[in-house]
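A.B. asks: For reference, the file entry_9.pdb (PDB, C-alpha atoms) is included below:
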ATOM      1  CA  MET A   1      90.061 156.679 120.539
ATOM      2  CA  THR A   2      89.219 155.165 117.199
ATOM      3  CA  ALA A   3      91.616 155.198 114.285
ATOM      4  CA  GLN A   4      89.286 157.520 112.476
ATOM      5  CA  MET A   5      89.290 160.053 115.321
ATOM      6  CA  GLN A   6      93.075 160.077 115.357
ATOM      7  CA  HIS A   7      93.141 160.874 111.691
ATOM      8  CA  GLU A   8      90.553 163.590 111.974
ATOM      9  CA  ARG A   9      92.366 165.353 114.730
ATOM     10  CA  PRO A  10      95.172 167.093 112.761
ATOM     11  CA  PHE A  11      92.691 168.721 110.442
ATOM     12  CA  LEU A  12      90.632 170.109 113.309
ATOM     13  CA  ARG A  13      93.451 172.421 114.404
ATOM     14  CA  ASP A  14      92.694 174.608 111.427
ATOM     15  CA  ALA A  15      89.704 176.781 110.879
ATOM     16  CA  ASP A  16      87.648 175.102 108.229
ATOM     17  CA  PRO A  17      85.857 177.433 105.840
ATOM     18  CA  HIS A  18      83.595 174.582 104.857
ATOM     19  CA  GLU A  19      82.243 174.212 108.383
ATOM     20  CA  SER A  20      79.788 177.037 107.806
ATOM     21  CA  GLN A  21      78.391 175.441 104.664
ATOM     22  CA  PRO A  22      75.583 173.090 105.521
ATOM     23  CA  GLU A  23      76.087 171.205 102.228
ATOM     24  CA  ALA A  24      79.699 170.372 103.045
ATOM     25  CA  ARG A  25      80.515 166.767 103.787
ATOM     26  CA  ARG A  26      83.904 165.777 105.115
ATOM     27  CA  PHE A  27      85.669 162.460 104.512
ATOM     28  CA  VAL A  28      88.778 161.569 106.438
ATOM     29  CA  GLY A  29      91.105 158.734 105.643
ATOM     30  CA  GLN A  30      94.710 157.828 105.184
ATOM     31  CA  THR A  31      97.130 156.924 102.464
ATOM     32  CA  GLY A  32      97.147 153.264 101.544
ATOM     33  CA  GLU A  33      93.354 153.183 101.475
ATOM     34  CA  VAL A  34      92.608 155.506  98.569
ATOM     35  CA  ARG A  35      90.306 152.934  97.013
ATOM     36  CA  ARG A  36      88.159 152.675 100.144
ATOM     37  CA  LEU A  37      88.006 156.449 100.594
ATOM     38  CA  VAL A  38      87.049 157.031  96.963
ATOM     39  CA  ALA A  39      84.344 154.363  97.235
ATOM     40  CA  GLU A  40      82.917 156.049 100.339
ATOM     41  CA  ILE A  41      82.880 159.452  98.608
ATOM     42  CA  LEU A  42      81.249 157.973  95.533
ATOM     43  CA  ARG A  43      78.498 156.326  97.589
ATOM     44  CA  TYR A  44      77.716 159.725  99.089
ATOM     45  CA  LEU A  45      77.730 161.443  95.708
ATOM     46  CA  VAL A  46      75.491 158.843  94.088
ATOM     47  CA  LYS A  47      73.005 159.356  96.906
ATOM     48  CA  ALA A  48      73.271 163.172  96.846
ATOM     49  CA  LEU A  49      73.049 163.464  93.054
ATOM     50  CA  PRO A  50      71.313 160.352  91.735
ATOM     51  CA  GLY A  51      71.434 159.730  88.007
ATOM     52  CA  GLN A  52      74.409 162.011  87.367
ATOM     53  CA  THR A  53      76.469 159.178  85.976
ATOM     54  CA  VAL A  54      78.926 161.355  84.048
ATOM     55  CA  LEU A  55      79.586 163.434  87.153
ATOM     56  CA  HIS A  56      80.000 160.276  89.213
ATOM     57  CA  GLY A  57      82.593 158.973  86.752
ATOM     58  CA  ASP A  58      84.443 162.289  86.579
ATOM     59  CA  ALA A  59      84.417 162.697  90.362
ATOM     60  CA  GLU A  60      85.670 159.180  90.995
ATOM     61  CA  LEU A  61      88.541 159.681  88.574
ATOM     62  CA  VAL A  62      89.597 163.194  89.603
ATOM     63  CA  ILE A  63      89.396 162.514  93.338
ATOM     64  CA  ALA A  64      91.318 159.256  92.911
ATOM     65  CA  GLU A  65      93.991 161.067  90.884
ATOM     66  CA  ALA A  66      94.284 163.831  93.495
ATOM     67  CA  LEU A  67      94.570 161.309  96.342
ATOM     68  CA  ASN A  68      97.063 159.164  94.437
ATOM     69  CA  ASN A  69      99.211 162.263  93.869
ATOM     70  CA  ILE A  70      99.102 163.042  97.590
ATOM     71  CA  GLU A  71     100.083 159.479  98.446
ATOM     72  CA  GLU A  72     102.793 159.132  95.801
ATOM     73  CA  HIS A  73     104.388 162.560  95.877
ATOM     74  CA  GLY A  74     103.209 164.362  99.003
ATOM     75  CA  TYR A  75     103.852 161.447 101.319
ATOM     76  CA  SER A  76     106.424 159.565  99.170
ATOM     77  CA  ALA A  77     104.180 156.474  99.051
ATOM     78  CA  ALA A  78     104.055 156.170 102.862
ATOM     79  CA  HIS A  79     100.896 154.520 104.136
ATOM     80  CA  GLY A  80      98.804 155.619 107.121
ATOM     81  CA  MET A  81      99.221 159.364 106.528
ATOM     82  CA  PRO A  82      96.157 161.579 106.953
ATOM     83  CA  VAL A  83      94.118 162.911 104.062
ATOM     84  CA  GLN A  84      90.826 164.731 104.063
ATOM     85  CA  VAL A  85      88.353 165.350 101.271
ATOM     86  CA  THR A  86      85.502 167.832 101.611
ATOM     87  CA  LEU A  87      82.622 167.887  99.152
ATOM     88  CA  SER A  88      80.126 170.703  98.855
ATOM     89  CA  VAL A  89      77.208 170.024  96.562
ATOM     90  CA  LEU A  90      76.038 173.362  95.187
ATOM     91  CA  GLU A  91      73.502 174.182  92.525
ATOM     92  CA  LYS A  92      75.686 173.724  89.452
ATOM     93  CA  ILE A  93      78.945 172.387  90.785
ATOM     94  CA  VAL A  94      80.395 170.062  93.341
ATOM     95  CA  GLN A  95      83.236 171.819  95.148
ATOM     96  CA  VAL A  96      85.988 169.457  96.199
ATOM     97  CA  GLU A  97      88.867 170.218  98.515
ATOM     98  CA  THR A  98      91.655 167.879  99.557
ATOM     99  CA  ARG A  99      93.951 168.477 102.525
ATOM    100  CA  ASP A 100      97.114 166.724 103.536
ATOM    101  CA  PHE A 101     100.321 167.293 105.451
ATOM    102  CA  GLY A 102     102.734 166.034 102.818
ATOM    103  CA  VAL A 103     105.565 167.971 101.240
ATOM    104  CA  PRO A 104     104.526 171.111  99.360
ATOM    105  CA  MET A 105     103.687 170.989  95.670
ATOM    106  CA  PRO A 106     106.794 171.919  93.660
ATOM    107  CA  GLY A 107     106.695 175.635  92.857
ATOM    108  CA  LEU A 108     103.705 175.960  95.205
ATOM    109  CA  THR A 109     101.336 175.673  92.277
ATOM    110  CA  VAL A 110      99.460 172.997  90.366
ATOM    111  CA  PRO A 111     101.524 171.526  87.531
ATOM    112  CA  PRO A 112     100.881 173.235  84.171
ATOM    113  CA  ILE A 113      98.675 171.571  81.589
ATOM    114  CA  HIS A 114     100.822 169.132  79.668
ATOM    115  CA  ARG A 115      98.961 167.331  76.924
ATOM    116  CA  PRO A 116     100.141 163.773  76.374
ATOM    117  CA  ASP A 117     101.596 163.319  72.897
ATOM    118  CA  ALA A 118     100.161 160.344  71.034
ATOM    119  CA  GLY A 119     102.020 161.182  67.830
ATOM    120  CA  VAL A 120     105.430 159.983  68.956
ATOM    121  CA  SER A 121     107.091 156.653  68.281
ATOM    122  CA  ARG A 122     105.959 153.788  70.440
ATOM    123  CA  ASP A 123     109.064 153.788  72.626
ATOM    124  CA  GLN A 124     108.539 157.476  73.344
ATOM    125  CA  LEU A 125     104.899 157.126  74.396
ATOM    126  CA  PRO A 126     104.244 158.508  77.872
ATOM    127  CA  GLU A 127     103.557 156.013  80.642
ATOM    128  CA  GLY A 128     102.893 158.698  83.215
ATOM    129  CA  GLY A 129     101.862 162.304  83.521
ATOM    130  CA  PHE A 130      98.280 161.495  82.628
ATOM    131  CA  GLY A 131      96.930 162.237  86.092
ATOM    132  CA  TRP A 132      97.204 165.998  86.158
ATOM    133  CA  TYR A 133      96.076 166.211  82.551
ATOM    134  CA  LEU A 134      92.882 164.374  83.499
ATOM    135  CA  ILE A 135      92.364 166.619  86.527
ATOM    136  CA  HIS A 136      92.788 169.780  84.416
ATOM    137  CA  ASN A 137      90.352 168.410  81.838
ATOM    138  CA  LEU A 138      87.583 167.290  84.147
ATOM    139  CA  ALA A 139      87.959 169.927  86.863
ATOM    140  CA  PRO A 140      89.162 173.105  85.114
ATOM    141  CA  ASN A 141      91.309 175.580  87.067
ATOM    142  CA  PRO A 142      92.257 173.579  90.140
ATOM    143  CA  VAL A 143      93.700 175.797  92.880
ATOM    144  CA  TYR A 144      96.553 174.846  95.196
ATOM    145  CA  ARG A 145      97.453 176.589  98.455
ATOM    146  CA  ARG A 146     100.001 175.842 101.123
ATOM    147  CA  CYS A 147      98.742 176.762 104.600
ATOM    148  CA  GLY A 148     101.390 176.260 107.254
ATOM    149  CA  ASN A 149     102.288 172.584 106.956
ATOM    150  CA  MET A 150      99.116 171.708 105.078
ATOM    151  CA  ASN A 151      98.421 171.335 101.364
ATOM    152  CA  LEU A 152      95.004 172.374 100.091
ATOM    153  CA  LEU A 153      93.836 171.545  96.602
ATOM    154  CA  SER A 154      90.420 172.703  95.514
ATOM    155  CA  PHE A 155      88.546 172.161  92.296
ATOM    156  CA  ASP A 156      85.014 172.236  90.962
ATOM    157  CA  LEU A 157      83.234 169.463  89.131
ATOM    158  CA  PRO A 158      80.388 170.664  86.941
ATOM    159  CA  ILE A 159      77.112 168.915  87.681
ATOM    160  CA  GLY A 160      76.093 167.294  84.447
ATOM    161  CA  GLY A 161      79.717 166.336  83.983
ATOM    162  CA  THR A 162      82.156 167.314  81.292
ATOM    163  CA  GLU A 163      82.163 166.028  77.779
ATOM    164  CA  ARG A 164      84.891 167.032  75.431
TER
ATOM    165  CA  MET B 165      94.935 141.714  89.986
ATOM    166  CA  ASN B 166      95.428 138.870  87.540
ATOM    167  CA  LEU B 167      95.044 138.540  83.790
ATOM    168  CA  THR B 168      93.223 135.436  82.715
ATOM    169  CA  SER B 169      94.090 134.254  79.237
ATOM    170  CA  ARG B 170      92.443 132.196  76.556
ATOM    171  CA  THR B 171      93.108 131.669  72.888
ATOM    172  CA  GLN B 172      90.370 131.919  70.299
ATOM    173  CA  ASP B 173      91.131 131.294  66.622
ATOM    174  CA  GLY B 174      94.790 132.012  67.259
ATOM    175  CA  ILE B 175      94.058 135.303  69.021
ATOM    176  CA  LEU B 176      95.280 135.674  72.587
ATOM    177  CA  ILE B 177      92.564 137.262  74.723
ATOM    178  CA  LEU B 178      93.605 138.627  78.107
ATOM    179  CA  THR B 179      90.984 139.589  80.666
ATOM    180  CA  PRO B 180      91.736 141.414  83.939
ATOM    181  CA  ASP B 181      89.998 139.694  86.838
ATOM    182  CA  THR B 182      89.035 143.041  88.349
ATOM    183  CA  ASP B 183      86.596 145.826  87.616
ATOM    184  CA  ARG B 184      89.193 148.460  88.566
ATOM    185  CA  ILE B 185      92.643 149.056  87.128
ATOM    186  CA  ASP B 186      93.919 151.685  89.533
ATOM    187  CA  ALA B 187      97.151 152.709  91.211
ATOM    188  CA  ALA B 188      96.906 149.755  93.593
ATOM    189  CA  GLY B 189      96.575 147.144  90.850
ATOM    190  CA  ALA B 190      98.388 148.671  87.870
ATOM    191  CA  ILE B 191     101.836 147.556  88.982
ATOM    192  CA  TYR B 192     100.855 143.922  88.523
ATOM    193  CA  LEU B 193      99.395 144.370  85.067
ATOM    194  CA  LYS B 194     102.654 144.882  83.199
ATOM    195  CA  ASP B 195     104.320 141.811  84.747
ATOM    196  CA  GLN B 196     101.275 139.632  84.125
ATOM    197  CA  PHE B 197     101.059 140.881  80.572
ATOM    198  CA  ARG B 198     104.732 140.095  79.953
ATOM    199  CA  ASP B 199     104.292 136.560  81.302
ATOM    200  CA  GLU B 200     101.190 135.905  79.208
ATOM    201  CA  THR B 201     102.509 137.298  75.918
ATOM    202  CA  ASP B 202     106.080 136.003  76.176
ATOM    203  CA  GLY B 203     106.768 133.837  73.133
ATOM    204  CA  PHE B 204     103.377 134.536  71.538
ATOM    205  CA  ASP B 205     103.537 136.311  68.191
ATOM    206  CA  GLY B 206      99.870 136.483  67.167
ATOM    207  CA  ARG B 207      97.190 139.089  67.787
ATOM    208  CA  VAL B 208      96.754 140.140  71.390
ATOM    209  CA  VAL B 209      93.429 141.512  72.621
ATOM    210  CA  MET B 210      92.765 142.840  76.104
ATOM    211  CA  ASP B 211      89.117 142.488  77.079
ATOM    212  CA  LEU B 212      88.226 145.557  79.175
ATOM    213  CA  SER B 213      84.466 145.043  79.129
ATOM    214  CA  GLY B 214      84.438 144.209  82.841
ATOM    215  CA  VAL B 215      86.549 147.210  83.832
ATOM    216  CA  ASN B 216      84.526 150.204  84.959
ATOM    217  CA  PHE B 217      87.331 152.267  86.428
ATOM    218  CA  LEU B 218      90.761 153.048  85.024
ATOM    219  CA  ASP B 219      92.987 155.792  86.413
ATOM    220  CA  SER B 220      96.207 157.326  85.093
ATOM    221  CA  SER B 221      98.284 154.546  86.637
ATOM    222  CA  GLY B 222      96.160 151.922  84.925
ATOM    223  CA  LEU B 223      96.457 153.766  81.632
ATOM    224  CA  GLY B 224     100.226 153.959  82.046
ATOM    225  CA  ALA B 225     100.351 150.223  82.662
ATOM    226  CA  ILE B 226      98.405 149.508  79.465
ATOM    227  CA  VAL B 227     100.737 151.794  77.472
ATOM    228  CA  SER B 228     103.717 149.945  78.936
ATOM    229  CA  ALA B 229     102.054 146.655  77.955
ATOM    230  CA  LEU B 230     101.857 147.915  74.369
ATOM    231  CA  LYS B 231     105.585 148.612  74.401
ATOM    232  CA  LEU B 232     106.235 145.014  75.459
ATOM    233  CA  LEU B 233     104.768 143.817  72.144
ATOM    234  CA  ARG B 234     107.720 145.322  70.281
ATOM    235  CA  GLY B 235     106.090 146.661  67.167
ATOM    236  CA  ARG B 236     102.907 144.603  67.203
ATOM    237  CA  LYS B 237      99.595 146.262  67.900
ATOM    238  CA  LEU B 238      97.717 145.882  71.128
ATOM    239  CA  GLU B 239      93.967 145.584  70.677
ATOM    240  CA  LEU B 240      91.515 146.626  73.364
ATOM    241  CA  ALA B 241      87.915 145.452  73.393
ATOM    242  CA  GLY B 242      84.765 146.522  75.196
ATOM    243  CA  LEU B 243      85.792 149.830  76.719
ATOM    244  CA  THR B 244      83.122 151.023  79.131
ATOM    245  CA  PRO B 245      82.176 154.736  78.869
ATOM    246  CA  VAL B 246      84.295 155.873  81.820
ATOM    247  CA  VAL B 247      87.321 153.940  80.605
ATOM    248  CA  ALA B 248      86.852 155.120  77.018
ATOM    249  CA  LYS B 249      86.823 158.725  78.253
ATOM    250  CA  VAL B 250      90.248 158.319  79.885
ATOM    251  CA  PHE B 251      91.686 156.990  76.607
ATOM    252  CA  ARG B 252      90.011 159.731  74.588
ATOM    253  CA  LEU B 253      91.011 162.668  76.805
ATOM    254  CA  THR B 254      94.646 161.578  76.869
ATOM    255  CA  GLN B 255      94.585 160.739  73.122
ATOM    256  CA  MET B 256      95.825 157.268  73.926
ATOM    257  CA  ASP B 257      92.834 155.935  71.975
ATOM    258  CA  GLN B 258      94.983 156.697  68.919
ATOM    259  CA  VAL B 259      97.740 154.251  69.767
ATOM    260  CA  PHE B 260      95.616 151.143  70.307
ATOM    261  CA  ILE B 261      93.210 149.257  68.092
ATOM    262  CA  LEU B 262      89.801 149.503  69.725
ATOM    263  CA  HIS B 263      86.930 147.069  69.305
ATOM    264  CA  ARG B 264      83.431 147.520  70.644
ATOM    265  CA  ALA B 265      83.424 144.001  72.026
ATOM    266  CA  VAL B 266      85.486 140.833  71.996
ATOM    267  CA  SER B 267      82.836 139.337  69.726
ATOM    268  CA  ASP B 268      83.947 141.857  67.063
ATOM    269  CA  ILE B 269      87.571 140.829  66.914
ATOM    270  CA  LEU B 270      87.141 138.210  64.241
ATOM    271  CA  THR B 271      85.116 140.366  61.883
ATOM    272  CA  ASP B 272      87.111 143.495  62.667
ATOM    273  CA  ASP B 273      90.807 143.160  61.974
ATOM    274  CA  GLY B 274      91.431 146.483  63.639
ATOM    275  CA  ALA B 275      90.987 148.638  60.564
ATOM    276  CA  ASN B 276      87.723 149.929  61.998
ATOM    277  CA  ALA B 277      88.342 151.426  65.389
ATOM    278  CA  ALA B 278      85.299 151.464  67.650
TER
END
Rewrite the structure from the file as structure tokens, please.
C.D. replies:
Amino acid sequence: MTAQMQHERPFLRDADPHESQPEARRFVGQTGEVRRLVAEILRYLVKALPGQTVLHGDAELVIAEALNNIEEHGYSAAHGMPVQVTLSVLEKIVQVETRDFGVPMPGLTVPPIHRPDAGVSRDQLPEGGFGWYLIHNLAPNPVYRRCGNMNLLSFDLPIGGTER
Amino acid sequence: MNLTSRTQDGILILTPDTDRIDAAGAIYLKDQFRDETDGFDGRVVMDLSGVNFLDSSGLGAIVSALKLLRGRKLELAGLTPVVAKVFRLTQMDQVFILHRAVSDILTDDGANAA
């Protein structure tokens, strides 16, 4: 059994609503290799939607932020833990869903929008908390669900990208 | 990742040797920056023209680098579109001096942000 098959296996126990969508493409990986997984997803997206450079940039950032959150918080920075990303390229959006078996999101909901404050003194400037703000900005209304021992985060990226 | 450094007309120019400043590399940036700027009290410019991906961890590391300068400004040059967007969305573009390119740093003392 290959390493990849082992990591796919936990996700296959659950019915996958994306299975019925022919456009859906599933990527399976593990924590500690976020960079590789994001690169693989981006290669697919560049091929599926050539020329959509703003979307490519947004997708790379938001998916990396989501996977980093899973690694850092869901799995407490442990490496080798399974993560799955499913992309569905639709007419006007790319639907993205991440799945993992880490600890539940606090409050069982996505963190509220917290705008970083640039108007504070230098010592008070934030060094963190940017990740969710970027996700909220580039993929409005992300949805979190806890299903058994699995976390599901889904969000839409507008094709054409966001510019604000 | 490493920061390579050179001095031009008394300005310290630091260049990351990577095209990505992400969660995996950000932790090294602050330490490298501290080593390179320790004891230097002139202008410090970070050349980001070769960086085409910066995530929230990378941004946090650059903010922490600014704090290491204790009151002096940190200047950033050559932000690529994707990197510039991260600074703009988080409003962190307001706390750095931005230059279009390293070649602008001598004619632009920072009064004109890119």
A.B. asks: Taking the file above as input, evaluate the ChimeraX specification (/A :<8) & /B and report the hits as a ChimeraX atom specification.
C.D. replies: /B:187,217-221,223-225,227-228,231,235,246,250,253-256,258-259
A.B. asks: Return as an MDAnalysis selection string the set of residues that the PyMOL selection byres ((chain A and resi 83) around 12) yields on the displayed structure.
C.D. replies: chainID A and resid 4 6:11 26:34 37:38 63 66:71 74:75 79:82 84:86 97:102 150:153
A.B. asks: Write the residues of the selection above to a file with C-alpha atoms, as a PDB file, in the frame of the given file.
C.D. replies:
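Resulting contents of again31.pdb:
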ATOM      1  CA  GLN A   4      89.286 157.520 112.476  1.00  0.00           C
ATOM      2  CA  GLN A   6      93.075 160.077 115.357  1.00  0.00           C
ATOM      3  CA  HIS A   7      93.141 160.874 111.691  1.00  0.00           C
ATOM      4  CA  GLU A   8      90.553 163.590 111.974  1.00  0.00           C
ATOM      5  CA  ARG A   9      92.366 165.353 114.730  1.00  0.00           C
ATOM      6  CA  PRO A  10      95.172 167.093 112.761  1.00  0.00           C
ATOM      7  CA  PHE A  11      92.691 168.721 110.442  1.00  0.00           C
ATOM      8  CA  ARG A  26      83.904 165.777 105.115  1.00  0.00           C
ATOM      9  CA  PHE A  27      85.669 162.460 104.512  1.00  0.00           C
ATOM     10  CA  VAL A  28      88.778 161.569 106.438  1.00  0.00           C
ATOM     11  CA  GLY A  29      91.105 158.734 105.643  1.00  0.00           C
ATOM     12  CA  GLN A  30      94.710 157.828 105.184  1.00  0.00           C
ATOM     13  CA  THR A  31      97.130 156.924 102.464  1.00  0.00           C
ATOM     14  CA  GLY A  32      97.147 153.264 101.544  1.00  0.00           C
ATOM     15  CA  GLU A  33      93.354 153.183 101.475  1.00  0.00           C
ATOM     16  CA  VAL A  34      92.608 155.506  98.569  1.00  0.00           C
ATOM     17  CA  LEU A  37      88.006 156.449 100.594  1.00  0.00           C
ATOM     18  CA  VAL A  38      87.049 157.031  96.963  1.00  0.00           C
ATOM     19  CA  ILE A  63      89.396 162.514  93.338  1.00  0.00           C
ATOM     20  CA  ALA A  66      94.284 163.831  93.495  1.00  0.00           C
ATOM     21  CA  LEU A  67      94.570 161.309  96.342  1.00  0.00           C
ATOM     22  CA  ASN A  68      97.063 159.164  94.437  1.00  0.00           C
ATOM     23  CA  ASN A  69      99.211 162.263  93.869  1.00  0.00           C
ATOM     24  CA  ILE A  70      99.102 163.042  97.590  1.00  0.00           C
ATOM     25  CA  GLU A  71     100.083 159.479  98.446  1.00  0.00           C
ATOM     26  CA  GLY A  74     103.209 164.362  99.003  1.00  0.00           C
ATOM     27  CA  TYR A  75     103.852 161.447 101.319  1.00  0.00           C
ATOM     28  CA  HIS A  79     100.896 154.520 104.136  1.00  0.00           C
ATOM     29  CA  GLY A  80      98.804 155.619 107.121  1.00  0.00           C
ATOM     30  CA  MET A  81      99.221 159.364 106.528  1.00  0.00           C
ATOM     31  CA  PRO A  82      96.157 161.579 106.953  1.00  0.00           C
ATOM     32  CA  GLN A  84      90.826 164.731 104.063  1.00  0.00           C
ATOM     33  CA  VAL A  85      88.353 165.350 101.271  1.00  0.00           C
ATOM     34  CA  THR A  86      85.502 167.832 101.611  1.00  0.00           C
ATOM     35  CA  GLU A  97      88.867 170.218  98.515  1.00  0.00           C
ATOM     36  CA  THR A  98      91.655 167.879  99.557  1.00  0.00           C
ATOM     37  CA  ARG A  99      93.951 168.477 102.525  1.00  0.00           C
ATOM     38  CA  ASP A 100      97.114 166.724 103.536  1.00  0.00           C
ATOM     39  CA  PHE A 101     100.321 167.293 105.451  1.00  0.00           C
ATOM     40  CA  GLY A 102     102.734 166.034 102.818  1.00  0.00           C
ATOM     41  CA  MET A 150      99.116 171.708 105.078  1.00  0.00           C
ATOM     42  CA  ASN A 151      98.421 171.335 101.364  1.00  0.00           C
ATOM     43  CA  LEU A 152      95.004 172.374 100.091  1.00  0.00           C
ATOM     44  CA  LEU A 153      93.836 171.545  96.602  1.00  0.00           C
TER      45      LEU A 153
END
A.B. asks: Do you have the atom CA of A:Ile113-atom CA of A:Leu90 distance handy?
C.D. replies: 26.5 Å
A.B. asks: For atom CA of B:Ala188 and atom CA of B:Gly222, quote the distance in Å rounded to one decimal.
C.D. replies: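 That distance, rounded to one decimal, is 9.0 Å.
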A.B. asks: For this file, the PyMOL selection byres ((chain B and resi 184) around 7) selects which residues, as number ranges by chain?
C.D. replies: B: 182-183, 185-186, 215-218
A.B. asks: Please compute the atom CA of B:Leu167-atom CA of B:Gly203 distance, one decimal, in Å.
C.D. replies: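 Here the two named atoms are 16.5 Å from each other.
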A.B. asks: Could you give me, as an NGL selection string, the residues within 10 Å of A:Pro111, counting only C-alpha atoms and dropping anything in the same chain fewer than 3 positions from it?
C.D. replies: :A and (105-108 or 114 or 132-133 or 136 or 142 or 144)
